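This is my_file_28.txt. It holds compact mmCIF, C-alpha atoms and all ligand atoms.
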```txt
# COMPACT_ATOMS: atom_id res chain seq x y z
CA MET A 1 -33.78 11.07 -36.72
CA ASN A 2 -34.77 14.17 -34.79
CA TYR A 3 -33.54 17.60 -35.77
CA ASP A 4 -34.59 21.18 -36.40
CA ILE A 5 -32.19 23.02 -38.67
CA ARG A 6 -32.35 25.58 -41.48
CA ASP A 7 -31.46 23.60 -44.60
CA ILE A 8 -30.18 20.03 -44.95
CA SER A 9 -28.98 20.71 -48.50
CA LEU A 10 -26.07 22.72 -47.04
CA ALA A 11 -24.48 19.50 -45.75
CA ALA A 12 -21.87 19.07 -48.51
CA GLN A 13 -20.52 22.60 -47.98
CA GLY A 14 -20.51 22.01 -44.21
CA LYS A 15 -18.53 18.80 -44.60
CA ARG A 16 -15.86 20.52 -46.70
CA ARG A 17 -15.47 23.29 -44.13
CA ILE A 18 -15.37 20.80 -41.23
CA ALA A 19 -12.61 18.87 -43.03
CA TRP A 20 -10.59 22.10 -43.31
CA ALA A 21 -10.92 22.70 -39.55
CA ALA A 22 -10.04 19.05 -38.78
CA GLN A 23 -6.82 19.49 -40.73
CA HIS A 24 -5.79 22.10 -38.13
CA MET A 25 -6.83 19.99 -35.15
CA PRO A 26 -4.21 17.24 -34.97
CA VAL A 27 -4.65 16.53 -31.26
CA LEU A 28 -8.39 16.02 -31.56
CA SER A 29 -7.90 13.87 -34.65
CA GLN A 30 -5.56 11.61 -32.71
CA LEU A 31 -8.03 11.37 -29.83
CA SER A 32 -10.82 10.59 -32.27
CA ALA A 33 -8.85 7.57 -33.53
CA GLU A 34 -8.26 6.50 -29.92
CA PHE A 35 -11.97 6.76 -29.05
CA ALA A 36 -12.93 4.86 -32.21
CA ALA A 37 -10.56 2.01 -31.34
CA GLU A 38 -11.79 1.87 -27.71
CA ARG A 39 -15.47 2.67 -28.43
CA SER A 40 -15.05 4.86 -25.33
CA PHE A 41 -18.61 6.24 -25.34
CA GLU A 42 -20.63 3.20 -26.40
CA GLY A 43 -24.21 3.49 -25.16
CA LYS A 44 -23.66 7.01 -23.73
CA ARG A 45 -25.93 9.94 -24.53
CA ILE A 46 -24.38 13.42 -24.58
CA ALA A 47 -26.26 16.72 -24.96
CA ALA A 48 -24.14 19.70 -25.95
CA ALA A 49 -24.87 23.44 -26.06
CA LEU A 50 -21.92 24.93 -27.92
CA HIS A 51 -21.15 27.53 -30.55
CA ILE A 52 -22.01 25.53 -33.66
CA THR A 53 -18.85 25.99 -35.68
CA THR A 54 -16.67 23.75 -37.80
CA GLU A 55 -14.39 23.25 -34.77
CA THR A 56 -17.28 22.12 -32.57
CA ALA A 57 -18.22 19.68 -35.33
CA VAL A 58 -14.77 18.09 -35.14
CA LEU A 59 -15.22 17.58 -31.39
CA LEU A 60 -18.68 16.06 -31.72
CA LEU A 61 -17.57 13.75 -34.53
CA ALA A 62 -14.76 12.50 -32.25
CA LEU A 63 -17.38 11.66 -29.60
CA ARG A 64 -19.51 9.98 -32.27
CA ALA A 65 -16.47 7.97 -33.39
CA GLY A 66 -16.29 6.68 -29.82
CA GLY A 67 -19.90 5.50 -30.02
CA ALA A 68 -21.73 8.38 -28.27
CA GLU A 69 -25.25 9.41 -29.17
CA VAL A 70 -25.08 13.21 -29.46
CA ALA A 71 -27.75 15.93 -29.38
CA LEU A 72 -26.73 19.52 -30.03
CA CYS A 73 -28.20 22.98 -29.54
CA ALA A 74 -26.61 26.44 -29.74
CA SER A 75 -24.88 28.42 -27.00
CA ASN A 76 -25.48 31.68 -28.85
CA PRO A 77 -28.17 32.28 -31.48
CA LEU A 78 -25.82 34.22 -33.75
CA SER A 79 -22.76 31.94 -33.83
CA THR A 80 -24.58 28.98 -35.43
CA LYS A 81 -23.36 27.97 -38.89
CA ASP A 82 -26.26 26.41 -40.80
CA ASP A 83 -24.02 24.35 -43.10
CA VAL A 84 -22.34 22.78 -40.07
CA CYS A 85 -25.76 21.89 -38.62
CA ALA A 86 -26.69 20.16 -41.87
CA ALA A 87 -23.41 18.22 -42.07
CA LEU A 88 -23.77 17.06 -38.48
CA VAL A 89 -27.31 15.83 -39.05
CA GLU A 90 -26.01 13.75 -41.97
CA GLU A 91 -23.37 12.34 -39.62
CA GLY A 92 -26.10 11.14 -37.26
CA ILE A 93 -26.14 13.95 -34.69
CA SER A 94 -29.48 15.41 -33.56
CA VAL A 95 -29.08 19.14 -34.12
CA TYR A 96 -31.60 21.70 -32.88
CA ALA A 97 -30.37 25.10 -34.03
CA PHE A 98 -30.32 27.60 -36.82
CA TYR A 99 -28.64 30.95 -37.32
CA ASP A 100 -30.47 33.93 -35.79
CA GLU A 101 -33.16 31.86 -34.06
CA ASP A 102 -35.27 33.94 -31.67
CA ILE A 103 -34.94 33.50 -27.92
CA GLU A 104 -38.11 31.42 -27.70
CA THR A 105 -36.79 28.97 -30.32
CA TYR A 106 -33.40 28.96 -28.62
CA GLY A 107 -35.10 27.90 -25.38
CA ARG A 108 -37.19 25.25 -27.13
CA HIS A 109 -34.05 23.86 -28.75
CA ILE A 110 -32.40 23.51 -25.33
CA GLU A 111 -35.39 21.44 -24.22
CA GLN A 112 -35.24 19.34 -27.39
CA ALA A 113 -31.54 18.60 -26.89
CA LEU A 114 -32.23 17.59 -23.28
CA ALA A 115 -35.08 15.32 -24.38
CA CYS A 116 -32.51 12.58 -25.15
CA ASP A 117 -32.11 12.26 -21.33
CA PRO A 118 -28.32 12.68 -21.52
CA HIS A 119 -25.78 10.94 -19.28
CA LEU A 120 -23.50 13.94 -19.68
CA VAL A 121 -24.07 17.55 -20.69
CA MET A 122 -21.47 19.73 -22.35
CA ASP A 123 -22.07 23.45 -21.90
CA ASP A 124 -20.70 26.80 -23.02
CA GLY A 125 -22.40 29.28 -20.69
CA ALA A 126 -24.20 26.75 -18.44
CA ASP A 127 -27.58 26.94 -20.18
CA LEU A 128 -28.05 23.14 -20.11
CA ILE A 129 -26.85 22.79 -16.51
CA VAL A 130 -29.22 25.54 -15.40
CA ALA A 131 -32.16 24.15 -17.43
CA LEU A 132 -31.66 20.77 -15.70
CA HIS A 133 -31.57 22.42 -12.28
CA GLN A 134 -34.81 24.24 -12.97
CA ARG A 135 -36.51 20.84 -13.21
CA ALA A 136 -37.61 18.72 -10.28
CA GLU A 137 -34.95 16.15 -11.16
CA SER A 138 -32.22 15.73 -13.77
CA GLY A 139 -33.01 12.28 -15.16
CA SER A 140 -29.97 10.23 -16.20
CA THR A 141 -27.52 13.16 -16.09
CA ILE A 142 -24.54 12.23 -13.95
CA ALA A 143 -22.02 14.88 -14.91
CA ALA A 144 -21.36 18.05 -16.88
CA ILE A 145 -18.50 19.84 -18.55
CA GLU A 146 -18.34 23.62 -18.78
CA GLU A 147 -16.31 25.35 -21.47
CA THR A 148 -16.34 29.03 -20.58
CA THR A 149 -15.69 31.60 -17.82
CA THR A 150 -19.33 32.71 -17.47
CA GLY A 151 -20.60 29.13 -17.28
CA VAL A 152 -18.07 28.22 -14.60
CA ILE A 153 -19.22 31.21 -12.55
CA ARG A 154 -22.85 30.06 -12.87
CA ALA A 155 -21.97 26.45 -11.94
CA ARG A 156 -19.98 27.68 -8.92
CA ALA A 157 -22.99 29.78 -7.81
CA LEU A 158 -25.13 26.61 -7.91
CA ALA A 159 -22.46 24.69 -5.95
CA GLU A 160 -22.12 27.44 -3.33
CA GLN A 161 -25.84 27.32 -2.66
CA LYS A 162 -25.52 23.51 -2.35
CA LEU A 163 -27.91 23.10 -5.27
CA LEU A 164 -25.56 21.41 -7.72
CA ARG A 165 -26.73 17.84 -8.36
CA PHE A 166 -23.74 16.37 -10.19
CA PRO A 167 -20.02 17.02 -10.70
CA VAL A 168 -19.05 19.69 -13.22
CA VAL A 169 -15.57 19.84 -14.72
CA ALA A 170 -14.44 23.41 -15.44
CA VAL A 171 -12.61 23.03 -18.73
CA ASN A 172 -12.26 26.81 -18.88
CA ASP A 173 -9.95 26.77 -15.87
CA ALA A 174 -7.42 24.36 -17.41
CA PRO A 175 -4.21 26.14 -18.44
CA THR A 176 -4.39 24.51 -21.89
CA LYS A 177 -7.80 26.20 -22.26
CA HIS A 178 -7.71 29.73 -20.92
CA TYR A 179 -4.05 30.62 -21.57
CA PHE A 180 -4.68 29.89 -25.23
CA ASP A 181 -8.37 30.04 -26.15
CA ASN A 182 -9.19 33.08 -24.01
CA ARG A 183 -5.98 35.00 -24.59
CA TYR A 184 -4.92 34.17 -28.15
CA GLY A 185 -8.28 32.95 -29.47
CA THR A 186 -10.59 35.67 -28.13
CA GLY A 187 -7.75 38.17 -28.46
CA GLN A 188 -7.57 37.56 -32.19
CA ASN A 189 -11.23 36.89 -32.99
CA THR A 190 -12.38 40.06 -31.20
CA ILE A 191 -10.11 42.22 -33.31
CA ASP A 192 -11.11 40.18 -36.38
CA GLY A 193 -14.82 40.77 -35.65
CA ILE A 194 -14.37 44.52 -35.15
CA LEU A 195 -12.42 44.84 -38.38
CA ARG A 196 -14.82 42.74 -40.47
CA ALA A 197 -17.84 44.67 -39.18
CA THR A 198 -16.34 48.14 -39.60
CA ASN A 199 -13.11 48.02 -41.65
CA THR A 200 -11.90 50.70 -39.24
CA LEU A 201 -8.19 51.52 -38.81
CA LEU A 202 -6.70 50.45 -35.50
CA ALA A 203 -3.41 52.28 -35.92
CA GLY A 204 -3.66 55.52 -33.98
CA ALA A 205 -7.15 54.75 -32.61
CA THR A 206 -7.90 54.70 -28.89
CA LEU A 207 -9.32 51.33 -27.90
CA VAL A 208 -10.85 50.88 -24.45
CA VAL A 209 -10.91 47.33 -23.03
CA ALA A 210 -13.20 46.75 -20.04
CA GLY A 211 -11.92 43.72 -18.14
CA TYR A 212 -8.31 42.51 -17.88
CA GLY A 213 -8.93 38.80 -17.47
CA TRP A 214 -7.43 36.34 -19.95
CA CYS A 215 -9.66 37.55 -22.79
CA GLY A 216 -9.04 41.23 -22.00
CA ARG A 217 -5.28 40.70 -21.84
CA GLY A 218 -5.40 39.08 -25.27
CA VAL A 219 -7.51 41.85 -26.82
CA ALA A 220 -5.35 44.61 -25.32
CA ALA A 221 -2.06 43.06 -26.47
CA ARG A 222 -3.27 42.43 -30.00
CA ALA A 223 -4.82 45.91 -30.35
CA ARG A 224 -1.54 47.45 -29.22
CA GLY A 225 0.29 45.28 -31.74
CA MET A 226 -1.77 46.89 -34.48
CA GLY A 227 -0.94 50.40 -33.32
CA ALA A 228 -3.92 51.29 -31.14
CA ARG A 229 -3.53 53.31 -27.95
CA VAL A 230 -5.11 51.01 -25.36
CA ILE A 231 -6.91 52.03 -22.17
CA VAL A 232 -7.93 49.34 -19.66
CA CYS A 233 -10.85 49.58 -17.19
CA GLU A 234 -10.85 47.21 -14.19
CA VAL A 235 -12.58 46.65 -10.85
CA ASN A 236 -9.90 44.31 -9.48
CA ALA A 237 -6.78 45.96 -8.02
CA THR A 238 -4.32 43.17 -8.93
CA ARG A 239 -5.50 43.03 -12.51
CA ALA A 240 -5.46 46.82 -12.81
CA LEU A 241 -1.87 46.82 -11.51
CA GLU A 242 -0.92 44.15 -14.01
CA ALA A 243 -2.41 46.26 -16.82
CA VAL A 244 -0.39 49.27 -15.60
CA MET A 245 2.85 47.27 -15.61
CA ASP A 246 1.99 45.82 -19.01
CA GLY A 247 2.18 49.44 -20.11
CA PHE A 248 -1.51 50.30 -20.50
CA GLN A 249 -3.30 53.37 -19.20
CA VAL A 250 -5.89 52.39 -16.57
CA LEU A 251 -8.94 54.61 -16.11
CA PRO A 252 -12.47 54.36 -14.76
CA MET A 253 -15.01 53.91 -17.58
CA LEU A 254 -16.50 57.33 -16.90
CA GLN A 255 -13.20 58.94 -17.95
CA ALA A 256 -12.34 56.42 -20.65
CA ALA A 257 -15.80 57.03 -22.21
CA GLU A 258 -14.67 60.48 -23.37
CA LEU A 259 -11.46 59.20 -24.95
CA GLY A 260 -12.31 55.96 -26.73
CA ASP A 261 -12.82 55.47 -30.45
CA ILE A 262 -13.55 51.76 -29.93
CA PHE A 263 -14.87 50.06 -26.77
CA VAL A 264 -14.66 46.34 -26.03
CA THR A 265 -16.28 44.70 -23.00
CA VAL A 266 -14.83 41.38 -21.81
CA THR A 267 -15.90 41.24 -18.18
CA GLY A 268 -18.65 38.62 -17.73
CA ILE A 269 -20.60 41.32 -15.84
CA ALA A 270 -23.76 43.21 -16.85
CA GLY A 271 -24.14 46.96 -17.47
CA VAL A 272 -20.44 47.76 -17.88
CA ILE A 273 -21.12 50.46 -20.48
CA ARG A 274 -24.37 52.27 -19.73
CA GLY A 275 -26.32 55.53 -20.06
CA GLU A 276 -23.87 57.79 -18.21
CA HIS A 277 -21.07 56.52 -20.49
CA PHE A 278 -23.04 56.85 -23.76
CA GLN A 279 -23.66 60.50 -22.86
CA ARG A 280 -19.93 61.25 -22.74
CA MET A 281 -18.78 59.35 -25.82
CA LYS A 282 -17.30 60.94 -28.92
CA ASP A 283 -19.25 61.08 -32.16
CA GLY A 284 -18.51 57.87 -34.09
CA ALA A 285 -17.58 55.71 -31.10
CA ILE A 286 -17.77 51.97 -31.81
CA LEU A 287 -19.15 49.57 -29.16
CA ALA A 288 -18.33 45.87 -29.16
CA ASN A 289 -18.80 43.07 -26.64
CA SER A 290 -16.69 39.96 -26.38
CA GLY A 291 -18.08 38.58 -23.10
CA HIS A 292 -20.53 35.71 -23.23
CA PHE A 293 -23.92 37.36 -22.94
CA ASN A 294 -25.35 40.48 -24.57
CA VAL A 295 -25.62 42.32 -21.26
CA GLU A 296 -22.25 44.01 -20.90
CA ILE A 297 -23.34 46.98 -23.01
CA ASP A 298 -26.71 48.30 -21.81
CA ILE A 299 -28.44 48.03 -25.18
CA ALA A 300 -31.87 48.97 -23.83
CA ALA A 301 -30.46 52.25 -22.48
CA LEU A 302 -28.68 52.88 -25.78
CA ALA A 303 -31.93 52.32 -27.69
CA ASP A 304 -33.84 54.54 -25.24
CA SER A 305 -31.46 57.43 -25.60
CA ALA A 306 -31.28 57.21 -29.40
CA SER A 307 -33.61 59.26 -31.57
CA GLU A 308 -32.94 57.15 -34.69
CA ARG A 309 -31.44 53.80 -35.60
CA ALA A 310 -30.09 52.45 -38.87
CA GLN A 311 -28.36 49.26 -40.01
CA VAL A 312 -25.25 50.59 -41.76
CA ARG A 313 -23.45 47.35 -42.65
CA GLU A 314 -23.88 43.76 -41.62
CA HIS A 315 -23.34 43.62 -37.83
CA LEU A 316 -22.98 47.43 -37.59
CA GLU A 317 -25.91 49.43 -36.27
CA GLU A 318 -25.97 53.20 -35.94
CA TYR A 319 -27.66 54.87 -32.94
CA ARG A 320 -28.17 58.58 -33.50
CA MET A 321 -28.35 60.62 -30.28
CA PRO A 322 -30.66 63.66 -29.98
CA ASP A 323 -27.55 65.92 -29.86
CA GLY A 324 -26.47 64.60 -33.29
CA ARG A 325 -23.69 62.23 -32.15
CA LYS A 326 -23.68 58.76 -33.69
CA LEU A 327 -22.69 55.66 -31.73
CA TYR A 328 -22.16 52.30 -33.44
CA LEU A 329 -23.11 48.95 -31.90
CA LEU A 330 -21.54 45.80 -33.33
CA ALA A 331 -23.21 42.38 -33.56
CA GLN A 332 -26.22 43.41 -31.44
CA GLY A 333 -23.92 43.46 -28.42
CA ARG A 334 -23.28 39.72 -28.68
CA LEU A 335 -19.80 38.21 -28.87
CA VAL A 336 -18.29 40.19 -31.72
CA GLY A 337 -15.62 37.63 -32.60
CA GLN A 338 -18.15 34.82 -32.84
CA VAL A 339 -20.83 36.78 -34.68
CA ALA A 340 -18.94 39.10 -37.03
CA ALA A 341 -15.91 36.83 -37.42
CA GLU A 342 -15.46 33.08 -37.06
CA ALA A 343 -14.68 32.59 -33.35
CA SER A 344 -11.37 31.09 -32.34
CA PRO A 345 -9.32 29.35 -35.02
CA ALA A 346 -9.20 25.57 -35.24
CA ALA A 347 -5.56 25.47 -34.10
CA ILE A 348 -6.68 27.00 -30.77
CA MET A 349 -9.89 24.98 -30.39
CA ASP A 350 -7.78 21.85 -30.87
CA LEU A 351 -6.58 22.42 -27.29
CA SER A 352 -9.90 23.39 -25.66
CA PHE A 353 -11.77 20.58 -27.34
CA ALA A 354 -9.06 18.00 -26.63
CA ASP A 355 -9.61 18.94 -22.97
CA GLN A 356 -13.37 18.53 -23.48
CA ALA A 357 -12.98 15.16 -25.17
CA LEU A 358 -10.62 13.73 -22.56
CA CYS A 359 -12.73 15.11 -19.69
CA THR A 360 -15.82 13.48 -21.20
CA ARG A 361 -14.12 10.08 -21.04
CA TYR A 362 -12.74 10.81 -17.55
CA LEU A 363 -16.14 11.91 -16.17
CA LEU A 364 -18.06 8.99 -17.64
CA GLN A 365 -15.56 6.64 -15.99
CA GLU A 366 -14.99 8.46 -12.69
CA TYR A 367 -18.20 10.31 -11.86
CA GLN A 368 -18.97 8.07 -8.87
CA HIS A 369 -15.79 9.29 -7.17
CA LEU A 370 -16.56 12.97 -7.66
CA THR A 371 -18.72 15.14 -5.38
CA PRO A 372 -21.46 17.37 -6.84
CA ASP A 373 -19.12 20.32 -7.09
CA VAL A 374 -17.08 22.22 -9.67
CA HIS A 375 -13.85 20.29 -10.34
CA ASP A 376 -10.63 21.16 -12.09
CA VAL A 377 -9.49 19.35 -15.20
CA PRO A 378 -7.10 16.65 -13.93
CA ALA A 379 -3.49 17.81 -14.34
CA ALA A 380 -2.64 14.64 -16.27
CA ILE A 381 -5.20 15.55 -18.95
CA ASP A 382 -3.94 19.11 -19.19
CA GLU A 383 -0.33 17.96 -19.53
CA ARG A 384 -1.20 15.32 -22.10
CA VAL A 385 -3.01 17.87 -24.26
CA ALA A 386 -0.03 20.26 -24.16
CA ALA A 387 2.41 17.45 -24.92
CA LEU A 388 0.32 16.16 -27.84
CA LYS A 389 0.06 19.67 -29.29
CA LEU A 390 3.82 20.24 -29.07
CA ARG A 391 4.42 16.90 -30.74
CA ALA A 392 1.99 17.79 -33.52
CA LEU A 393 3.89 21.06 -33.98
CA GLY A 394 7.16 19.11 -34.16
CA ILE A 395 8.60 20.91 -31.13
CA GLU A 396 10.82 19.03 -28.70
CA LEU A 397 11.47 19.78 -25.03
CA ASP A 398 14.32 19.26 -22.64
CA SER A 399 13.88 16.83 -19.79
CA LEU A 400 15.51 16.72 -16.36
CA ASN A 401 18.37 14.29 -15.85
CA GLU A 402 18.63 12.13 -12.73
CA GLN A 403 20.72 14.67 -10.80
CA GLN A 404 18.28 17.44 -11.61
CA GLU A 405 15.35 15.28 -10.49
CA VAL A 406 17.10 14.73 -7.15
CA TYR A 407 17.79 18.47 -6.85
CA ALA A 408 14.18 19.34 -7.64
CA ARG A 409 12.92 17.04 -4.87
CA SER A 410 15.47 17.90 -2.22
CA TRP A 411 15.00 20.40 0.63
CA GLN A 412 18.60 20.03 1.96
CA LEU A 413 20.29 21.51 -1.09
CA GLY A 414 20.40 25.31 -0.64
CA THR A 415 22.85 28.23 -0.48
CA VAL A 416 25.47 26.60 1.75
CA SER A 417 25.26 22.96 0.77
N1 LIG A 501 -15.54 35.70 -22.42
C1 LIG A 501 -16.77 34.95 -22.42
C2 LIG A 501 -16.66 33.81 -23.35
C3 LIG A 501 -17.93 33.29 -23.89
S1 LIG A 501 -18.02 32.46 -25.40
C4 LIG A 501 -17.09 34.55 -21.02
O1 LIG A 501 -16.49 35.08 -20.12
O2 LIG A 501 -17.94 33.76 -20.81
C5 LIG A 501 -16.45 32.00 -25.63
C6 LIG A 501 -16.31 30.52 -25.68
O3 LIG A 501 -16.50 30.12 -27.02
C7 LIG A 501 -14.91 30.14 -25.28
O4 LIG A 501 -14.88 29.54 -24.03
C8 LIG A 501 -14.44 29.26 -26.40
O5 LIG A 501 -13.95 28.01 -25.97
C9 LIG A 501 -15.64 29.08 -27.30
N2 LIG A 501 -15.21 29.14 -28.68
C10 LIG A 501 -14.32 30.00 -29.23
N3 LIG A 501 -14.13 29.72 -30.51
C11 LIG A 501 -14.90 28.66 -30.81
C12 LIG A 501 -15.10 27.89 -31.98
N4 LIG A 501 -14.45 28.13 -33.09
N5 LIG A 501 -15.99 26.89 -31.91
C13 LIG A 501 -16.64 26.61 -30.76
N6 LIG A 501 -16.48 27.28 -29.63
C14 LIG A 501 -15.61 28.30 -29.64
```
Could you write out this structure as structure tokens?
Amino acid sequence: MNYDIRDISLAAQGKRRIAWAAQHMPVLSQLSAEFAAERSFEGKRIAAALHITTETAVLLLALRAGGAEVALCASNPLSTKDDVCAALVEEGISVYAFYDEDIETYGRHIEQALACDPHLVMDDGADLIVALHQRAESGSTIAAIEETTTGVIRARALAEQKLLRFPVVAVNDAPTKHYFDNRYGTGQNTIDGILRATNTLLAGATLVVAGYGWCGRGVAARARGMGARVIVCEVNATRALEAVMDGFQVLPMLQAAELGDIFVTVTGIAGVIRGEHFQRMKDGAILANSGHFNVEIDIAALADSASERAQVREHLEEYRMPDGRKLYLLAQGRLVGQVAAEASPAAIMDLSFADQALCTRYLLQEYQHLTPDVHDVPAAIDERVAALKLRALGIELDSLNEQQEVYARSWQLGTVS
């Protein structure tokens, strides 16, 4: 058994916490039973780079139940839960990760996960896909699945340059993923992370959200719900207009910088808050990132302009400016909801990971029919996941009767007929 984790003796605690998450993941539990009965992944090797949480464990155990051989590394050095790593090793998964590993170790762990010569890679941020494309050839890998916005953008960049070697399914783009995980999951866990790191009061505070994609919409709505005055910064006209009509003030960052008490970046772009903005911020401003990589806040510029630094609380670092103002960076500029809180709740990940699980089976069966491009999650999978979740929640739907079906398909029936 190959692994590199912090402490195997944490396994019992990890198993208890994984069981708690599984209890809130009814769709994935049902799929796990289906995979076990079918042995859907017999003889298949899967390498995954995911946030190593209790929810991820439930997904990987479902793949294991279907007979897959699984190797796992982290998709963020600070979201790894060491007890989950230990539990997964005991369940026969090769885990290469520990909390707060340095970047060199993180890179080595990616290589170790890929050493199993996977048939399929499962990514959150495209680190595995990119590592494979930096090699002369990608061994047995025939397909990949990408979980998040940033990773889909990277996979598309490879496809556009005609460099992509195998089909990638963009789980992020499925409605059952981004409507829920990005909006309600990131929306909640971002606020949760800010509150756990600072215990600040949102009511009456001015919170600036950079980026009004699905994550930004979720953060803005939830912050408003807790009484914050929300300002949105955007570069896209349609999204900015949507933010305006959702009732938010829209301003360029240069102006928002002077007004914000709390700043959250959720853009997927680098250097969104930088030197010129730090200079204008109020004393006590709090800076948090909820986009995938730690590049949205220019941390190097912040460190350069600071005369002193101090760790005030866990995940809360003070940067004292030469003019006496203090700015506070959360979670080293990494995903605040994953680092200072516990990422998206199991009830949300049940949907994203049901998509992942069903797409894994789909890709392993259908890869020969798919071009080396970025593909959508098949609509049938998306609809099945939504239907299973509703059933688990005990919620029933209406259905169209025969007449309505005819009406829905007809072009003759209009105003006059
Ligand atoms: N907004 C960023 C998201 C990066 S990380 C971007 O644009 O790239 C966020 C990813 O972590 C999401 O796609 C989500 O599916 C995943 N995630 C959230 N909660 C999780 C959990 N509990 N366990 C594992 N992965 C989780």
For this session: Residues within 8 Å of ligand LIG 501 (chain A), counting only C-alpha atoms and all ligand atoms: report them as a VMD selection string.
Result: chain A and resid 50 to 56 124 to 125 147 to 151 172 177 to 178 181 to 182 185 to 186 215 266 to 268 290 to 293 335 338 342 to 346 348 to 349 352 to 353
Spatial neighbours of stretch 17-19 of chain A, max dist 12 Å, only C-alpha atoms, sep filter under 6 positions, as a PDB file with C-alpha atoms, in the frame of the given file:
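To be explicit, this is the file written out as around-v1.pdb:
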```pdb
ATOM      1  CA  LEU A  10     -26.070  22.720 -47.040  1.00  0.00           C
ATOM      2  CA  ALA A  11     -24.480  19.500 -45.750  1.00  0.00           C
ATOM      3  CA  MET A  25      -6.830  19.990 -35.150  1.00  0.00           C
ATOM      4  CA  PRO A  26      -4.210  17.240 -34.970  1.00  0.00           C
ATOM      5  CA  SER A  29      -7.900  13.870 -34.650  1.00  0.00           C
ATOM      6  CA  ILE A  52     -22.010  25.530 -33.660  1.00  0.00           C
ATOM      7  CA  THR A  53     -18.850  25.990 -35.680  1.00  0.00           C
ATOM      8  CA  THR A  54     -16.670  23.750 -37.800  1.00  0.00           C
ATOM      9  CA  GLU A  55     -14.390  23.250 -34.770  1.00  0.00           C
ATOM     10  CA  THR A  56     -17.280  22.120 -32.570  1.00  0.00           C
ATOM     11  CA  ALA A  57     -18.220  19.680 -35.330  1.00  0.00           C
ATOM     12  CA  VAL A  58     -14.770  18.090 -35.140  1.00  0.00           C
ATOM     13  CA  LEU A  59     -15.220  17.580 -31.390  1.00  0.00           C
ATOM     14  CA  LEU A  60     -18.680  16.060 -31.720  1.00  0.00           C
ATOM     15  CA  LEU A  61     -17.570  13.750 -34.530  1.00  0.00           C
ATOM     16  CA  LYS A  81     -23.360  27.970 -38.890  1.00  0.00           C
ATOM     17  CA  ASP A  82     -26.260  26.410 -40.800  1.00  0.00           C
ATOM     18  CA  ASP A  83     -24.020  24.350 -43.100  1.00  0.00           C
ATOM     19  CA  VAL A  84     -22.340  22.780 -40.070  1.00  0.00           C
ATOM     20  CA  CYS A  85     -25.760  21.890 -38.620  1.00  0.00           C
ATOM     21  CA  ALA A  86     -26.690  20.160 -41.870  1.00  0.00           C
ATOM     22  CA  ALA A  87     -23.410  18.220 -42.070  1.00  0.00           C
ATOM     23  CA  LEU A  88     -23.770  17.060 -38.480  1.00  0.00           C
ATOM     24  CA  GLU A  91     -23.370  12.340 -39.620  1.00  0.00           C
ATOM     25  CA  ALA A 346      -9.200  25.570 -35.240  1.00  0.00           C
TER      26      ALA A 346
END
```
Exercise. To one decimal place, how far is atom CA of A:Asp323 from atom CA of A:Ala197 in Å?
Worked result: 25.2 Å
For this session: Fewer than 5 positions away in the same chain doesn't count, so skip those; otherwise give me all residues within 9 Å of A:Pro167, counting only C-alpha atoms, as a list in words.
Result: Ile142, Ala143, Ala144, Ile145, Leu363, Tyr367, Leu370, Thr371, Pro372, Asp373, Val374 and His375 of chain A
For this session: Excluding A:Ser307 and any residue of its chain fewer than 6 positions from it, enumerate the residues within 6 Å of it, using only C-alpha atoms, and give them as an NGL selection string.
Result: :A and (320-322)
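You can rank A:Gln332, A:Ser417, A:Ser40, A:Gln13 by their closest distance to A:Leu358 using all atoms listed in the file, and at the top of that list sits A:Ser40.
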Exercise. With distances taken over only C-alpha atoms, which of A:Ala347, A:Arg154, A:Val171, A:Lys282 is nearest to A:Leu393?
Worked result: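 The shortest atom-to-atom distance to A:Leu393 comes from A:Ala347.
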For this session: Might you pull out every residue within 12 Å of A:Gln134, with all atoms listed in the file counted and same-chain residues fewer than 5 positions away left off, and present them as a PyMOL selection string?
Result: chain A and resi 111+127-129+158+163-165
May I have the selected residues written with C-alpha atoms, as a tab-separated table (two decimals), in the coordinates of the input?
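As a result, part20.tsv now contains:
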```tsv
chain	number	residue	atom	x	y	z
A	111	GLU	CA	-35.39	21.44	-24.22
A	127	ASP	CA	-27.58	26.94	-20.18
A	128	LEU	CA	-28.05	23.14	-20.11
A	129	ILE	CA	-26.85	22.79	-16.51
A	158	LEU	CA	-25.13	26.61	-7.91
A	163	LEU	CA	-27.91	23.10	-5.27
A	164	LEU	CA	-25.56	21.41	-7.72
A	165	ARG	CA	-26.73	17.84	-8.36
```
Problem set entry | atom CA of A:Val168 to atom CA of A:Ala68, distance in Å rounded to a single decimal | 19.0 Å
